[in-house]
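Peer 1: Below you'll find the structure I mean.
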Amino acid sequence: MSVLDLARPDIRALAPYSSARMEAQGGTVLLNANESSRPPNIPGGEGLNRYPDPQPPALVASLAELYGCDPDRVLATRGSDEAIDLLVRAFCRAGQDAVLVSPPTFGMYAVCARIQGAAVIESPLDASGALDADTLLSAVSPAVKLVFVCTPNNPTGNLVGVDVLDRLARELAGRAVLVVDEAYAEFSGTASAVSLIDAYDYVAVLRTLSKAWSLAGARVGALVARPDVIGLLRRIIPPYPLPSPCVDAALGALSYEGRRVQRHHLNEILAERARMFAELARVPGVREVLPSHANFLAVRFDDAPGTYRRLLAAGVVVRDITKYPGLGDALRITVGTGNENDRVLAVLGAGA
Ligand SMILES: *Cc1c(COP(=O)(O)O)cnc(C)c1O
């Protein structure tokens, strides 16, 4: 039994598109891909006339080092959103298979499943916002091929303990792939589920440079999994997923100097998160600030829609999360700079 036995048979049998860049490497006179031999006459245009490497080795090596795994366990993707889509398309047969999600959670898992024609089975978090392993496992039917667990969870900010993830990985082995979305892991300071991949084949971890690495505009994410899963997804990923300016941006962010600045920004956000957590709890009309391990705070208000409008009128845009189950009175506020956070507090009448 291999994790690939869970995948769609037609994808396993598919002959992937073979791009010019994959078929022949090396050489200096490149006349095999119908590219222009001339670079475009724009700033930074050098090299842009060429198709990028499908999986740039320097980026893959850098991501592998960052996430503490071998490079053959990394697939660089166009944001982790693309990795979610690839997993659903590779593992779920339309009209037959399903994914399992634990609401309130990130919406893309269900959206990708519906686009693929896969069912979405919901196993809600408990009343305290925690993920209960027994509840989740009892909802895993034979149709479920992927179980998405987001930690820290968006939009609540809570963590799923490594002990819970370990148990899920053990009990799902042979039945479904446990997909751990760690988009906000850097803000939590806890151990990554990447280490679970050593012990369990049926685990995949999603990471991204969009949040803690300030690169949402570059669309660079990664899927970490066993090489057979990486190989499977490489069959269906578009031939050139990563634009070369985005690869360069990622390599810059992950350089020695980039990491130094990133640590500084991360510490700033953690300090501001602690400050906002304390200050928001004292604001009139705030019912509760949910403890968060991410770069945002979910806040319950006596009047969430009115608070949303008041902030918007002052030019401050936050996320209305009142449509999520159990969060009918909540807004999600990203932790900004000190000045931005002061604006939020001023509009809400903190200290008044
Ligand atoms: C932001 C976010 C992502 C998407 O990240 P990209 O890498 O920008 O696609 C994935 N998962 C969660 C939970 C997120 O909040």
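Just remember, in the structure tokens the first chain shown is A, the second B, etc., residues are 1-based per chain, and ligands are 1-based in the order shown.
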Which residues, written as a PDB file with C-alpha atoms, in the first residue's frame, have at least one atom at most 9 Å from Val229 in chain A, with only C-alpha atoms counted and residues fewer than 3 positions away on the same chain left out?
Peer 2:
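Output saved as out.pdb:
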```pdb
ATOM      1  CA  VAL A   3       0.066   6.839  -0.722  1.00  0.00           C
ATOM      2  CA  LEU A   4      -0.193   6.858  -4.515  1.00  0.00           C
ATOM      3  CA  ARG A  73      10.519  16.490  -0.520  1.00  0.00           C
ATOM      4  CA  ASP A 201       3.960   8.616   4.218  1.00  0.00           C
ATOM      5  CA  ALA A 204       1.808  16.703   3.353  1.00  0.00           C
ATOM      6  CA  ALA A 225       5.818  15.621   1.281  1.00  0.00           C
ATOM      7  CA  ARG A 226       7.378  12.272   0.389  1.00  0.00           C
ATOM      8  CA  LEU A 232       2.703  12.868  -8.645  1.00  0.00           C
ATOM      9  CA  LEU A 233       1.948  16.584  -8.352  1.00  0.00           C
ATOM     10  CA  ARG A 234       4.712  17.440 -10.812  1.00  0.00           C
TER      11      ARG A 234
END
```
Peer 1: Go through the chains and note each residue within 7 Å of ligand 1, using only C-alpha atoms and all ligand atoms, then give the set as a list in words.
Peer 2: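 Here is the list of contacting residues: Arg78, Gly79, Ser80, Asp81, Glu82, Phe106, Cys150, Asn153, Asn154, Asp181, Glu182, Ala183, Arg207, Thr208, Leu209, Ser210, Lys211, Ala216, Arg219, Val220 and Gly221 of chain A.
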Peer 1: Could you save the residues just selected, with C-alpha atoms, as a CSV table (one decimal), in the first residue's frame?
Peer 2:
```
chain,number,residue,atom,x,y,z
A,78,ARG,CA,2.5,29.5,-7.0
A,79,GLY,CA,1.6,30.2,-3.5
A,80,SER,CA,0.3,27.5,-1.2
A,81,ASP,CA,-3.1,28.0,-2.9
A,82,GLU,CA,-1.7,26.2,-5.9
A,106,PHE,CA,-9.6,28.7,5.5
A,150,CYS,CA,-4.8,24.4,9.4
A,153,ASN,CA,-5.9,28.1,12.1
A,154,ASN,CA,-7.2,30.9,9.9
A,181,ASP,CA,-1.5,24.0,6.4
A,182,GLU,CA,1.3,25.9,8.2
A,183,ALA,CA,0.8,29.3,6.4
A,207,ARG,CA,4.1,26.4,3.6
A,208,THR,CA,4.2,29.9,2.1
A,209,LEU,CA,6.4,33.0,1.8
A,210,SER,CA,3.2,35.1,1.6
A,211,LYS,CA,2.8,35.9,5.3
A,216,ALA,CA,2.3,37.8,-0.9
A,219,ARG,CA,3.2,34.0,-5.0
A,220,VAL,CA,5.7,31.6,-3.8
A,221,GLY,CA,4.7,28.6,-1.6
```
Peer 1: Compile the contact shell of Pro305 in chain A as an mmCIF file with N, CA, C and O atoms, in the first residue's frame: residues with an atom at most 9 Å away, counting only C-alpha atoms, same-chain residues fewer than 2 positions apart removed.
Peer 2:
```
data_model
loop_
_atom_site.group_PDB
_atom_site.id
_atom_site.type_symbol
_atom_site.label_atom_id
_atom_site.label_comp_id
_atom_site.auth_asym_id
_atom_site.auth_seq_id
_atom_site.Cartn_x
_atom_site.Cartn_y
_atom_site.Cartn_z
ATOM 1 N N PHE A 301 -17.248 41.267 18.942
ATOM 2 C CA PHE A 301 -17.777 42.590 19.299
ATOM 3 C C PHE A 301 -19.269 42.501 19.632
ATOM 4 O O PHE A 301 -19.978 41.631 19.106
ATOM 5 N N ASP A 303 -21.253 44.655 18.530
ATOM 6 C CA ASP A 303 -21.831 45.036 17.244
ATOM 7 C C ASP A 303 -20.755 44.928 16.156
ATOM 8 O O ASP A 303 -20.144 45.926 15.778
ATOM 9 N N THR A 307 -19.084 47.932 13.922
ATOM 10 C CA THR A 307 -17.654 48.183 14.120
ATOM 11 C C THR A 307 -16.916 48.119 12.792
ATOM 12 O O THR A 307 -16.044 48.951 12.509
ATOM 13 N N TYR A 308 -17.314 47.149 11.972
ATOM 14 C CA TYR A 308 -16.700 47.032 10.642
ATOM 15 C C TYR A 308 -16.898 48.328 9.857
ATOM 16 O O TYR A 308 -15.964 48.867 9.265
ATOM 17 N N ARG A 309 -18.134 48.832 9.876
ATOM 18 C CA ARG A 309 -18.434 50.053 9.110
ATOM 19 C C ARG A 309 -17.705 51.264 9.677
ATOM 20 O O ARG A 309 -17.232 52.122 8.937
ATOM 21 N N ARG A 310 -17.597 51.329 11.002
ATOM 22 C CA ARG A 310 -16.918 52.459 11.636
ATOM 23 C C ARG A 310 -15.433 52.470 11.233
ATOM 24 O O ARG A 310 -14.872 53.511 10.887
ATOM 25 N N ASP A 320 -14.449 40.867 7.739
ATOM 26 C CA ASP A 320 -15.702 40.465 8.360
ATOM 27 C C ASP A 320 -15.768 38.941 8.316
ATOM 28 O O ASP A 320 -15.851 38.349 7.242
ATOM 29 N N THR A 322 -18.056 37.182 10.142
ATOM 30 C CA THR A 322 -19.305 36.808 10.821
ATOM 31 C C THR A 322 -20.029 35.645 10.132
ATOM 32 O O THR A 322 -20.899 35.027 10.730
ATOM 33 N N ASP A 329 -20.150 37.053 15.627
ATOM 34 C CA ASP A 329 -19.948 38.398 16.176
ATOM 35 C C ASP A 329 -18.495 38.859 16.006
ATOM 36 O O ASP A 329 -18.040 39.757 16.723
ATOM 37 N N ALA A 330 -17.762 38.250 15.051
ATOM 38 C CA ALA A 330 -16.305 38.480 15.047
ATOM 39 C C ALA A 330 -15.789 39.166 13.785
ATOM 40 O O ALA A 330 -16.327 39.023 12.686
ATOM 41 N N LEU A 331 -14.725 39.920 13.972
ATOM 42 C CA LEU A 331 -13.945 40.490 12.879
ATOM 43 C C LEU A 331 -12.517 39.984 13.023
ATOM 44 O O LEU A 331 -12.054 39.736 14.137
#
```
Peer 1: Tell me, as a list in words, which residues lie within 8 Å of Ala218 in chain A, counting only C-alpha atoms; anything in the same chain fewer than 4 positions away does not count.
Peer 2: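 The residues that qualify are Ser210, Cys246, Ala249 and Ala250 of chain A.
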Peer 1: Can I get the selection written as a compact mmCIF listing (two decimals), in the first residue's frame, with N, CA, C and O atoms?
Peer 2:
```txt
# COMPACT_ATOMS: atom_id res chain seq x y z
N SER A 210 4.16 33.99 1.70
CA SER A 210 3.22 35.12 1.59
C SER A 210 3.03 35.89 2.89
O SER A 210 2.73 37.08 2.86
N CYS A 246 9.84 36.42 -9.58
CA CYS A 246 9.33 35.95 -8.28
C CYS A 246 10.34 35.03 -7.61
O CYS A 246 10.51 35.06 -6.39
N ALA A 249 12.97 37.23 -6.24
CA ALA A 249 12.49 37.89 -5.01
C ALA A 249 12.57 36.93 -3.83
O ALA A 249 13.00 37.30 -2.73
N ALA A 250 12.17 35.68 -4.06
CA ALA A 250 12.20 34.69 -2.98
C ALA A 250 13.64 34.42 -2.54
O ALA A 250 13.92 34.35 -1.33
```
Peer 1: Compile a residue-level contact table for range 44-125 of chain A against range 131-136 of chain A at a cut-off of 9 Å, reporting for every qualifying residue the shortest atom pair and its distance in Å to one decimal, with only C-alpha atoms counted, rows ordered by chain and ascending number, as JSON lines.
Peer 2:
```
{"residue": "A:Leu100", "atom": "CA", "partner": "A:Leu136", "partner_atom": "CA", "distance": 8.4}
{"residue": "A:Val101", "atom": "CA", "partner": "A:Leu136", "partner_atom": "CA", "distance": 8.8}
{"residue": "A:Ser102", "atom": "CA", "partner": "A:Leu131", "partner_atom": "CA", "distance": 7.6}
{"residue": "A:Glu122", "atom": "CA", "partner": "A:Leu136", "partner_atom": "CA", "distance": 8.7}
{"residue": "A:Ser123", "atom": "CA", "partner": "A:Leu136", "partner_atom": "CA", "distance": 5.6}
{"residue": "A:Pro124", "atom": "CA", "partner": "A:Leu131", "partner_atom": "CA", "distance": 7.8}
{"residue": "A:Leu125", "atom": "CA", "partner": "A:Leu131", "partner_atom": "CA", "distance": 4.9}
```
Peer 1: Using only C-alpha atoms, find each residue of range 220-302 of chain A with at least one atom at most 10 Å away from an atom of range 56-63 of chain A; report its shortest atom-to-atom pair and that distance in Å (one decimal), sort the rows by chain and rising residue number, and return the result as JSON lines.
Peer 2:
```
{"residue": "A:Val220", "atom": "CA", "partner": "A:Leu59", "partner_atom": "CA", "distance": 9.9}
{"residue": "A:Gly221", "atom": "CA", "partner": "A:Leu63", "partner_atom": "CA", "distance": 9.1}
{"residue": "A:Ala222", "atom": "CA", "partner": "A:Leu63", "partner_atom": "CA", "distance": 7.6}
{"residue": "A:Leu223", "atom": "CA", "partner": "A:Leu63", "partner_atom": "CA", "distance": 9.9}
{"residue": "A:Val224", "atom": "CA", "partner": "A:Leu63", "partner_atom": "CA", "distance": 9.5}
{"residue": "A:Leu242", "atom": "CA", "partner": "A:Pro56", "partner_atom": "CA", "distance": 8.6}
{"residue": "A:Ser244", "atom": "CA", "partner": "A:Pro56", "partner_atom": "CA", "distance": 9.0}
{"residue": "A:Val247", "atom": "CA", "partner": "A:Leu59", "partner_atom": "CA", "distance": 6.9}
{"residue": "A:Asp248", "atom": "CA", "partner": "A:Leu59", "partner_atom": "CA", "distance": 8.6}
{"residue": "A:Ala250", "atom": "CA", "partner": "A:Leu59", "partner_atom": "CA", "distance": 7.4}
{"residue": "A:Leu251", "atom": "CA", "partner": "A:Leu59", "partner_atom": "CA", "distance": 6.3}
{"residue": "A:Leu254", "atom": "CA", "partner": "A:Ser62", "partner_atom": "CA", "distance": 7.1}
{"residue": "A:Ser255", "atom": "CA", "partner": "A:Ser62", "partner_atom": "CA", "distance": 8.7}
```
Peer 1: Check the smallest atom-to-atom distance from each of A:Arg300, A:Ala271, A:Leu215, A:Val147 to Ala98 in chain A using only C-alpha atoms, then report the winner.
Peer 2: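 Of the candidates, the smallest distance to Ala98 in chain A is held by A:Val147.
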Peer 1: If we count only C-alpha atoms and set the cut-off at 12 Å, which residues sit around Gly45 in chain A, ignoring sequence neighbours fewer than 6 positions away in its own chain? Please answer as a ChimeraX atom specification.
Peer 2: /A:38-39,244-245
Peer 1: Applying 12 Å and only C-alpha atoms, which residues near Arg275 in chain A remain after dropping the ones on its own chain fewer than 5 positions away? List them as an MDAnalysis selection string.
Peer 2: chainID A and resid 268:270 280:282 289 297 335:338 341:342 345
Peer 1: Just want the 8 Å neighbourhood of Leu86 in chain A, counted on only C-alpha atoms, with same-chain residues fewer than 2 positions away dropped. Output as a ChimeraX atom specification.
Peer 2: /A:82-84,88-90,233,236-237
Peer 1: May I have all residues of range 148-320 of chain A that DSSP, computed from the backbone, assigns to strand (DSSP E or B), given as a PyMOL selection string?
Peer 2: chain A and resi 148-150+177-181+203-208+221-224+286-289+296-301+319-320
Peer 1: Please measure the separation of CA of Glu23 in chain A and CA of Tyr67 in chain A, giving the value in Å to one decimal.
Peer 2: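 About the pair CA of Glu23 in chain A and CA of Tyr67 in chain A: they are 29.3 Å apart.
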Peer 1: A:Ala346, A:Met1, A:Ala33, A:Val205: which is nearest Ala185 in chain A, counting only C-alpha atoms?
Peer 2: A:Val205
Peer 1: As JSON, numbers by chain, list the residues of range 299-345 of chain A assigned to alpha helix (DSSP H) by DSSP on the backbone atoms of this structure.
Peer 2: {"A": [304, 305, 306, 307, 308, 309, 310, 311, 312, 313, 338, 339, 340, 341, 342, 343, 344, 345]}
Peer 1: Just write the chosen residues, N, CA and C atoms, as an mmCIF file, in the first residue's frame.
Peer 2:
```
data_model
loop_
_atom_site.group_PDB
_atom_site.id
_atom_site.type_symbol
_atom_site.label_atom_id
_atom_site.label_comp_id
_atom_site.auth_asym_id
_atom_site.auth_seq_id
_atom_site.Cartn_x
_atom_site.Cartn_y
_atom_site.Cartn_z
ATOM 1 N N ALA A 304 -20.538 43.700 15.666
ATOM 2 C CA ALA A 304 -19.475 43.502 14.669
ATOM 3 C C ALA A 304 -19.749 44.258 13.361
ATOM 4 N N PRO A 305 -20.965 44.196 12.795
ATOM 5 C CA PRO A 305 -21.189 44.927 11.530
ATOM 6 C C PRO A 305 -20.989 46.426 11.694
ATOM 7 N N GLY A 306 -21.477 46.988 12.821
ATOM 8 C CA GLY A 306 -21.316 48.418 13.066
ATOM 9 C C GLY A 306 -19.844 48.783 13.232
ATOM 10 N N THR A 307 -19.084 47.932 13.922
ATOM 11 C CA THR A 307 -17.654 48.183 14.120
ATOM 12 C C THR A 307 -16.916 48.119 12.792
ATOM 13 N N TYR A 308 -17.314 47.149 11.972
ATOM 14 C CA TYR A 308 -16.700 47.032 10.642
ATOM 15 C C TYR A 308 -16.898 48.328 9.857
ATOM 16 N N ARG A 309 -18.134 48.832 9.876
ATOM 17 C CA ARG A 309 -18.434 50.053 9.110
ATOM 18 C C ARG A 309 -17.705 51.264 9.677
ATOM 19 N N ARG A 310 -17.597 51.329 11.002
ATOM 20 C CA ARG A 310 -16.918 52.459 11.636
ATOM 21 C C ARG A 310 -15.433 52.470 11.233
ATOM 22 N N LEU A 311 -14.816 51.290 11.250
ATOM 23 C CA LEU A 311 -13.405 51.194 10.848
ATOM 24 C C LEU A 311 -13.245 51.571 9.381
ATOM 25 N N LEU A 312 -14.151 51.056 8.548
ATOM 26 C CA LEU A 312 -14.055 51.318 7.110
ATOM 27 C C LEU A 312 -14.202 52.806 6.820
ATOM 28 N N ALA A 313 -15.140 53.457 7.519
ATOM 29 C CA ALA A 313 -15.350 54.895 7.319
ATOM 30 C C ALA A 313 -14.084 55.666 7.668
ATOM 31 N N GLY A 338 2.968 49.513 14.190
ATOM 32 C CA GLY A 338 2.513 50.196 15.397
ATOM 33 C C GLY A 338 1.532 51.310 15.085
ATOM 34 N N ASN A 339 1.835 52.106 14.051
ATOM 35 C CA ASN A 339 0.956 53.212 13.676
ATOM 36 C C ASN A 339 -0.396 52.719 13.186
ATOM 37 N N GLU A 340 -0.375 51.680 12.355
ATOM 38 C CA GLU A 340 -1.636 51.136 11.837
ATOM 39 C C GLU A 340 -2.494 50.599 12.986
ATOM 40 N N ASN A 341 -1.852 49.914 13.909
ATOM 41 C CA ASN A 341 -2.600 49.359 15.037
ATOM 42 C C ASN A 341 -3.158 50.472 15.931
ATOM 43 N N ASP A 342 -2.382 51.555 16.074
ATOM 44 C CA ASP A 342 -2.869 52.703 16.839
ATOM 45 C C ASP A 342 -4.130 53.286 16.192
ATOM 46 N N ARG A 343 -4.159 53.300 14.848
ATOM 47 C CA ARG A 343 -5.348 53.790 14.140
ATOM 48 C C ARG A 343 -6.575 52.959 14.517
ATOM 49 N N VAL A 344 -6.392 51.640 14.510
ATOM 50 C CA VAL A 344 -7.503 50.743 14.877
ATOM 51 C C VAL A 344 -7.989 51.085 16.283
ATOM 52 N N LEU A 345 -7.054 51.182 17.204
ATOM 53 C CA LEU A 345 -7.432 51.439 18.605
ATOM 54 C C LEU A 345 -8.120 52.800 18.746
#
```
Peer 1: Point out the residue among A:Ala191, A:Gly328, A:Gly44, A:Gly217 with the least atom-to-atom distance to Gly68 in chain A, counting only C-alpha atoms.
Peer 2: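 Of A:Ala191, A:Gly328, A:Gly44, A:Gly217, the one nearest Gly68 in chain A, counting only C-alpha atoms, is A:Ala191.
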